[in-house]
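Text of the file protein_2.cif, holding mmCIF, C-alpha atoms:
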```
data_protein
#
loop_
_atom_site.label_atom_id
_atom_site.label_comp_id
_atom_site.auth_asym_id
_atom_site.auth_seq_id
_atom_site.Cartn_x
_atom_site.Cartn_y
_atom_site.Cartn_z
CA MET A 163 114.49 46.53 -64.15
CA ASN A 164 115.63 43.55 -62.11
CA LYS A 165 116.41 43.78 -58.40
CA SER A 166 120.16 43.47 -58.89
CA ASP A 167 120.28 46.47 -61.22
CA PHE A 168 117.97 48.48 -58.96
CA ASP A 169 120.09 47.74 -55.89
CA PHE A 170 123.24 48.67 -57.81
CA LEU A 171 121.75 52.02 -58.89
CA CYS A 172 120.56 52.78 -55.36
CA ASP A 173 124.02 52.10 -53.94
CA PHE A 174 125.69 54.03 -56.78
CA LEU A 175 123.48 57.10 -56.23
CA ARG A 176 123.89 56.96 -52.46
CA GLN A 177 127.67 57.01 -52.81
CA ARG A 178 127.70 59.70 -55.51
CA SER A 179 125.10 62.10 -54.14
CA GLY A 180 123.79 60.84 -50.81
CA LEU A 181 120.37 60.22 -52.35
CA ILE A 182 118.42 57.48 -50.56
CA LEU A 183 115.94 55.56 -52.73
CA SER A 184 113.46 52.98 -51.49
CA GLN A 185 111.93 50.15 -53.53
CA ASP A 186 108.83 52.23 -54.29
CA LYS A 187 110.98 54.76 -56.17
CA MET A 188 111.68 52.44 -59.08
CA TYR A 189 109.25 54.51 -61.20
CA LEU A 190 111.38 57.58 -60.50
CA ILE A 191 114.52 55.86 -61.72
CA GLU A 192 112.78 54.68 -64.86
CA SER A 193 111.23 58.06 -65.68
CA ARG A 194 114.49 59.96 -65.22
CA LEU A 195 117.05 57.53 -66.54
CA LEU A 196 115.34 56.08 -69.61
CA PRO A 197 115.74 59.43 -71.45
CA VAL A 198 119.43 59.47 -70.45
CA ALA A 199 119.87 55.93 -71.80
CA LYS A 200 118.21 56.71 -75.12
CA LYS A 201 120.11 59.97 -75.55
CA ASN A 202 123.36 58.03 -75.17
CA GLY A 203 122.45 55.30 -77.64
CA LEU A 204 121.48 52.69 -75.04
CA LYS A 205 118.31 50.67 -75.60
CA SER A 206 117.33 49.99 -71.99
CA LEU A 207 118.08 50.64 -68.35
CA GLU A 208 119.85 47.28 -68.27
CA GLU A 209 122.32 48.55 -70.87
CA LEU A 210 122.68 51.80 -68.94
CA VAL A 211 123.49 49.95 -65.72
CA ALA A 212 125.98 47.73 -67.55
CA ALA A 213 127.73 50.83 -68.91
CA ILE A 214 127.91 52.37 -65.44
CA ARG A 215 129.25 49.12 -63.98
CA ARG A 216 132.08 49.20 -66.51
CA GLY A 217 132.97 52.64 -65.17
CA GLN A 218 134.66 53.78 -68.36
CA ASP A 219 132.28 56.60 -69.32
CA LYS A 220 132.70 59.33 -66.71
CA LYS A 221 130.38 61.67 -68.58
CA LEU A 222 127.58 59.08 -68.44
CA VAL A 223 128.15 58.64 -64.70
CA GLN A 224 127.77 62.40 -64.25
CA LEU A 225 124.63 62.54 -66.43
CA VAL A 226 122.98 59.76 -64.43
CA THR A 227 123.82 61.45 -61.13
CA GLU A 228 122.49 64.82 -62.33
CA ALA A 229 119.30 63.27 -63.72
CA MET A 230 118.47 61.70 -60.37
CA THR A 231 119.24 64.62 -58.07
CA THR A 232 116.31 66.91 -57.38
CA ASN A 233 116.66 70.42 -58.84
CA GLU A 234 113.38 71.90 -57.66
CA SER A 235 113.86 75.59 -56.90
CA PHE A 236 112.07 78.90 -57.13
CA PHE A 237 112.57 82.49 -56.07
CA PHE A 238 112.03 83.39 -52.40
CA ARG A 239 110.95 79.81 -51.71
CA ASP A 240 108.65 79.61 -48.65
CA LYS A 241 109.05 83.42 -48.23
CA THR A 242 109.50 83.34 -44.41
CA PRO A 243 113.24 82.47 -44.42
CA PHE A 244 113.95 85.41 -46.71
CA ASP A 245 111.87 87.77 -44.56
CA THR A 246 113.86 86.52 -41.56
CA LEU A 247 117.12 87.06 -43.42
CA ARG A 248 116.21 90.62 -44.44
CA ASP A 249 114.51 91.79 -41.24
CA GLN A 250 116.44 90.05 -38.46
CA VAL A 251 119.57 88.12 -39.40
CA LEU A 252 121.17 90.63 -41.75
CA PRO A 253 120.61 93.71 -39.52
CA ALA A 254 122.27 91.90 -36.60
CA LEU A 255 125.23 90.80 -38.70
CA ILE A 256 125.59 94.20 -40.36
CA GLU A 257 125.96 95.71 -36.92
CA ALA A 258 128.37 92.97 -35.81
CA ARG A 259 130.51 93.28 -38.94
CA GLY A 260 130.74 97.07 -38.84
CA SER A 261 134.52 97.03 -38.55
CA SER A 262 135.36 94.33 -41.12
CA ARG A 263 132.58 95.37 -43.55
CA GLN A 264 132.54 91.91 -45.05
CA LEU A 265 129.80 89.28 -45.34
CA ARG A 266 129.98 85.81 -46.86
CA ILE A 267 126.90 83.72 -47.69
CA TRP A 268 126.77 80.16 -49.03
CA SER A 269 123.82 78.67 -50.88
CA ALA A 270 124.46 74.92 -50.75
CA ALA A 271 122.69 72.91 -53.47
CA ALA A 272 121.92 76.15 -55.30
CA SER A 273 120.35 74.35 -58.25
CA THR A 274 119.38 76.77 -61.05
CA GLY A 275 120.21 79.83 -58.97
CA GLN A 276 116.91 81.13 -57.65
CA GLU A 277 117.96 80.91 -54.00
CA PRO A 278 121.30 82.78 -54.22
CA TYR A 279 119.77 85.34 -56.57
CA SER A 280 116.94 85.91 -54.07
CA ILE A 281 119.61 86.56 -51.43
CA ALA A 282 121.42 88.92 -53.84
CA MET A 283 118.22 90.91 -54.39
CA ILE A 284 117.79 91.36 -50.64
CA LEU A 285 121.39 92.55 -50.27
CA LYS A 286 120.95 94.90 -53.24
CA ASP A 287 117.93 96.47 -51.56
CA LEU A 288 120.08 97.03 -48.45
CA GLN A 289 122.94 98.63 -50.35
CA ALA A 290 122.35 102.04 -48.74
CA ARG A 291 123.37 100.45 -45.43
CA MET A 292 126.23 98.48 -46.92
CA GLN A 293 128.20 100.96 -49.00
CA GLY A 294 131.82 99.85 -49.28
CA TRP A 295 131.12 96.33 -48.03
CA ARG A 296 132.59 93.21 -49.58
CA LEU A 297 129.72 90.80 -50.22
CA ASP A 298 130.46 87.24 -51.29
CA ILE A 299 127.65 84.89 -52.29
CA ILE A 300 128.71 81.38 -53.27
CA GLY A 301 126.28 78.96 -54.89
CA THR A 302 127.28 75.30 -55.20
CA ASP A 303 125.64 72.28 -56.78
CA LEU A 304 126.86 68.89 -57.99
CA SER A 305 125.05 69.33 -61.33
CA HIS A 306 127.13 71.13 -63.95
CA GLU A 307 124.04 71.51 -66.13
CA VAL A 308 122.01 73.47 -63.58
CA LEU A 309 125.04 75.61 -62.72
CA GLU A 310 125.32 76.67 -66.35
CA LYS A 311 121.70 77.79 -66.27
CA ALA A 312 122.27 79.57 -62.97
CA ARG A 313 125.24 81.51 -64.37
CA ALA A 314 123.18 82.59 -67.39
CA GLY A 315 120.41 83.80 -65.09
CA MET A 316 117.80 83.11 -67.77
CA TYR A 317 114.34 81.99 -66.64
CA SER A 318 110.99 81.19 -68.22
CA GLN A 319 107.76 83.06 -67.52
CA PHE A 320 106.67 80.14 -65.34
CA GLU A 321 109.88 80.28 -63.30
CA VAL A 322 109.72 84.01 -62.60
CA GLN A 323 106.09 83.71 -61.58
CA ARG A 324 106.96 81.23 -58.83
CA GLY A 325 107.54 83.30 -55.70
CA LEU A 326 109.08 86.38 -57.35
CA PRO A 327 107.28 89.63 -56.39
CA ILE A 328 106.28 91.65 -59.45
CA GLN A 329 108.28 94.65 -58.24
CA MET A 330 111.41 92.50 -58.14
CA LEU A 331 110.73 91.24 -61.66
CA VAL A 332 110.40 94.78 -63.00
CA LYS A 333 113.41 96.03 -61.05
CA TYR A 334 115.93 93.24 -61.62
CA PHE A 335 114.97 91.38 -64.82
CA LYS A 336 114.99 92.12 -68.52
CA GLN A 337 112.68 90.30 -70.92
CA ILE A 338 114.40 88.61 -73.85
CA GLY A 339 111.86 87.03 -76.15
CA GLU A 340 109.83 84.63 -74.02
CA MET A 341 112.54 84.47 -71.34
CA TRP A 342 113.58 86.76 -68.48
CA GLN A 343 117.23 87.41 -67.63
CA ILE A 344 118.33 88.65 -64.24
CA ASP A 345 120.32 91.89 -64.08
CA ALA A 346 124.03 91.58 -64.91
CA GLY A 347 124.95 93.30 -61.65
CA LEU A 348 123.11 90.66 -59.64
CA ARG A 349 124.64 87.87 -61.69
CA ALA A 350 128.05 89.28 -60.85
CA MET A 351 127.24 89.11 -57.13
CA VAL A 352 126.99 85.29 -57.15
CA ASN A 353 129.91 82.94 -57.74
CA PHE A 354 128.60 79.54 -58.86
CA GLN A 355 130.89 76.56 -58.30
CA PRO A 356 130.51 72.78 -58.62
CA GLY A 357 130.31 71.13 -55.23
CA ASN A 358 129.11 67.89 -53.67
CA LEU A 359 128.05 68.02 -50.01
CA LEU A 360 129.36 64.49 -49.54
CA GLU A 361 132.86 65.72 -50.30
CA ARG A 362 135.14 68.20 -48.52
CA PHE A 363 134.08 71.83 -48.78
CA ASP A 364 136.49 73.43 -46.30
CA SER A 365 138.34 75.10 -49.20
CA LEU A 366 135.33 77.41 -49.62
CA GLY A 367 136.27 79.19 -46.39
CA LYS A 368 134.03 80.42 -43.60
CA PHE A 369 130.51 81.78 -44.08
CA ASP A 370 128.51 84.14 -41.90
CA ILE A 371 125.29 82.65 -43.29
CA ILE A 372 124.67 79.22 -44.83
CA PHE A 373 121.49 78.27 -46.67
CA CYS A 374 121.13 74.48 -46.89
CA ARG A 375 117.40 74.24 -47.39
CA ASN A 376 115.39 71.21 -48.55
CA VAL A 377 118.53 69.17 -49.14
CA LEU A 378 119.10 67.11 -45.99
CA ILE A 379 115.72 65.40 -46.34
CA TYR A 380 117.24 63.22 -49.07
CA PHE A 381 120.07 61.90 -46.86
CA ASP A 382 120.23 59.27 -44.16
CA GLN A 383 120.86 60.25 -40.54
CA GLU A 384 124.59 59.56 -40.58
CA THR A 385 125.10 61.65 -43.71
CA LYS A 386 123.04 64.52 -42.28
CA LYS A 387 125.18 64.53 -39.15
CA ASP A 388 128.40 64.53 -41.15
CA ILE A 389 127.31 67.40 -43.41
CA LEU A 390 125.96 69.55 -40.58
CA GLU A 391 129.03 69.12 -38.39
CA ARG A 392 131.32 69.98 -41.27
CA MET A 393 129.18 73.07 -41.91
CA VAL A 394 129.59 74.08 -38.27
CA ARG A 395 133.33 74.21 -38.87
CA GLN A 396 132.73 76.60 -41.79
CA MET A 397 130.82 79.08 -39.59
CA PRO A 398 132.28 81.77 -37.33
CA GLU A 399 131.10 81.72 -33.74
CA ASP A 400 128.06 83.89 -34.57
CA GLY A 401 127.26 82.29 -37.95
CA MET A 402 123.70 81.37 -38.88
CA LEU A 403 122.42 78.28 -40.71
CA PHE A 404 119.08 78.17 -42.56
CA LEU A 405 117.42 74.76 -43.06
CA GLY A 406 114.16 73.82 -44.77
CA SER A 407 110.86 73.75 -42.91
CA ALA A 408 110.85 69.93 -42.85
CA GLU A 409 114.44 69.73 -41.58
CA THR A 410 115.88 69.91 -38.08
CA VAL A 411 119.10 69.36 -36.17
CA LEU A 412 117.29 67.66 -33.28
CA GLY A 413 118.47 64.10 -32.91
CA VAL A 414 121.09 64.68 -35.59
CA THR A 415 123.82 66.80 -33.96
CA ASP A 416 124.32 68.54 -30.63
CA GLN A 417 126.60 71.19 -32.14
CA LEU A 418 123.73 73.38 -33.37
CA ALA A 419 120.73 74.93 -31.65
CA ALA A 420 117.53 76.50 -32.96
CA VAL A 421 117.25 80.27 -32.72
CA LYS A 422 114.02 80.82 -30.83
CA GLY A 423 111.39 82.68 -32.80
CA LEU A 424 113.24 82.27 -36.10
CA ARG A 425 111.86 79.18 -37.77
CA GLY A 426 114.47 77.12 -39.56
CA VAL A 427 117.43 79.21 -38.32
CA TYR A 428 120.22 77.62 -36.29
CA CYS A 429 123.41 78.81 -34.59
CA LYS A 430 126.35 77.11 -32.96
CA LYS A 431 125.32 75.70 -29.61
CA SER A 432 128.57 77.01 -28.13
CA LEU A 433 127.39 80.55 -28.88
CA LEU A 434 124.62 80.22 -26.31
CA THR A 435 127.19 80.09 -23.52
CA THR A 436 128.76 83.40 -24.60
CA VAL A 437 125.78 85.72 -24.97
CA SER A 438 126.30 87.11 -21.48
CA SER A 439 129.86 88.19 -22.29
CA PRO A 440 130.54 91.77 -23.45
CA ARG A 441 128.84 92.26 -26.79
CA PRO A 442 129.16 88.93 -28.61
CA ALA A 443 128.64 89.45 -32.32
CA ALA A 444 125.31 87.67 -32.66
CA ALA A 445 123.90 88.40 -29.21
CA PRO A 446 120.67 89.95 -30.59
CA LEU A 447 119.83 86.61 -32.19
CA ALA A 448 121.56 84.08 -29.97
CA ALA A 449 119.95 85.50 -26.87
CA LYS A 450 116.66 84.25 -28.26
CA SER A 451 117.93 80.73 -28.76
CA ALA A 452 116.45 77.82 -26.88
#
```

Could you rewrite the structure in this file as structure tokens?
Amino acid sequence: MNKSDFDFLCDFLRQRSGLILSQDKMYLIESRLLPVAKKNGLKSLEELVAAIRRGQDKKLVQLVTEAMTTNESFFFRDKTPFDTLRDQVLPALIEARGSSRQLRIWSAAASTGQEPYSIAMILKDLQARMQGWRLDIIGTDLSHEVLEKARAGMYSQFEVQRGLPIQMLVKYFKQIGEMWQIDAGLRAMVNFQPGNLLERFDSLGKFDIIFCRNVLIYFDQETKKDILERMVRQMPEDGMLFLGSAETVLGVTDQLAAVKGLRGVYCKKSLLTTVSSPRPAAAPLAAKSA
């Protein structure tokens, strides 16, 4: 691939998905896009780039974008965030939402669904404490292909072995041939929708908890700031944001602060000034914030 085509693809992908690619990632483009080219009757990456430049095939544009965006996901990824959610964040919010009995959770860049389904399993295990509650879990991703898989809730033996405790597999999955399908009740708990973090997402409404893990690492600093500050506007005053272990808000935005003792969990910085007032909703967590 010549430099002109590579630069065009890098700029195209940055605008479409926020993905930042350096010169040493040419192998990644070739390995992921050559199959797309051949599947669409194009002989080379040069022909693929020419077709994208013409801009007439919207389906091809979508296929190229989806092929290049990372869809790595597995159940209860990194474990600790889900332990934190179950043992500390949810109990505090359950107490705070006792009157409204409603909880909304957003899994941004939900990929093939393992993250929002992991959250659904935790909520299902807490159902004795949440009888009569309205629970909304939204999973978004820019890839229509992975969203279709997520809605089906069908996973291979390899996929269910990655992070999923055996008791959860037995309790919430049914084996169908060589595949495992997640329980219909859990599938019904998650609403999967197409969504691009580079675009407006205010129509989704406010969320008590947002999971945006292992996504921001692919964006430049300006894009990270924009996404995080728009997410802040989608959180109530006591909302909580989960980021990946390699991600931080430090040096990116001053509107969020780390919750002390809860790795990867952030709250609105403005909440820290209200924890001394009479019973703020997230005081048990925010009081620990740095």

Could you give me, as a Markdown table, a per-residue list for region 315-384 of chain A showing, wherever an atom lies at most 10 Å from an atom of region 405-426 of chain A, the closest pair of atoms and their distance in Å to one decimal, using only C-alpha atoms and sorting by chain then residue number from low to high?
```
| residue | atom | partner | partner_atom | distance |
| --- | --- | --- | --- | --- |
| A:Ile372 | CA | A:Leu405 | CA | 8.7 |
| A:Phe373 | CA | A:Leu405 | CA | 6.5 |
| A:Cys374 | CA | A:Leu405 | CA | 5.3 |
| A:Arg375 | CA | A:Gly406 | CA | 4.2 |
| A:Asn376 | CA | A:Gly406 | CA | 4.8 |
| A:Val377 | CA | A:Gly406 | CA | 7.7 |
| A:Leu378 | CA | A:Glu409 | CA | 6.9 |
| A:Ile379 | CA | A:Glu409 | CA | 6.6 |
| A:Gln383 | CA | A:Val414 | CA | 6.6 |
| A:Glu384 | CA | A:Val414 | CA | 8.0 |
```

So that I can check the surroundings of Glu321 (chain A), please list as an NGL selection string every protein, DNA and RNA residue that reaches within 9 Å of it, counting all atoms listed in the file and ignoring chain neighbours fewer than 6 positions away.
:A and (235-237)

Save out the residues we just selected, C-alpha atoms, as a JSON list (two decimals), in the frame of the given file.
```
[["chain", "number", "residue", "atom", "x", "y", "z"],
["A", 235, "SER", "CA", 113.86, 75.59, -56.90],
["A", 236, "PHE", "CA", 112.07, 78.90, -57.13],
["A", 237, "PHE", "CA", 112.57, 82.49, -56.07]]
```

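With distances restricted to all atoms listed in the file, A:Ala314 is the closest residue to Ala346 (chain A) from A:Ala314, A:Leu359, A:Met330, A:Leu288.
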
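Using all atoms listed in the file, the protein and nucleic acid residues lying no more than 10 Å from Asn353 (chain A), apart from those fewer than 5 places from it along its own chain, are A:Trp268, A:Pro278, A:Asp298, A:Ile299, A:Ile300, A:Gly301, A:Thr302, A:Ala312, A:Arg313.
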
Box for region 286-298 of chain A - axis-aligned, 5 Å on each of the six sides, all listed atoms - centre and size in Å to one decimal, as JSON.
```
{"center_x": 125.3, "center_y": 94.6, "center_z": -49.3, "size_x": 24.7, "size_y": 24.8, "size_z": 17.8}
```

Just say which residues the PyMOL selection byres ((chain A and resi 197-202) around 12) picks in this file, as an NGL selection string.
:A and (190-196 or 203-214 or 219 or 221-230)

Could you tell me how far CA of Gln218 (chain A) lies from CA of Phe363 (chain A), in Å and to one decimal?
26.6 Å

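Note that CA of Gln276 (chain A) and CA of Lys368 (chain A) are 22.2 Å apart.
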
Using the chain letters and numbers from the file, give me the residues hit by the PyMOL selection byres ((chain A and resi 279) around 12), as a PyMOL selection string.
chain A and resi 235-239+244+267-269+272-278+280-286+299-301+312-317+322+326+330-331+334-335+343-354

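One distance worth recording is that between CA of Asp303 (chain A) and CA of Met341 (chain A), which is 23.1 Å.
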
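Compared by their closest atoms to Ile182 (chain A), and using all atoms listed in the file, the residues A:Glu234, A:Asp382, A:Asp388, A:Asp364 rank with A:Asp382 nearest.
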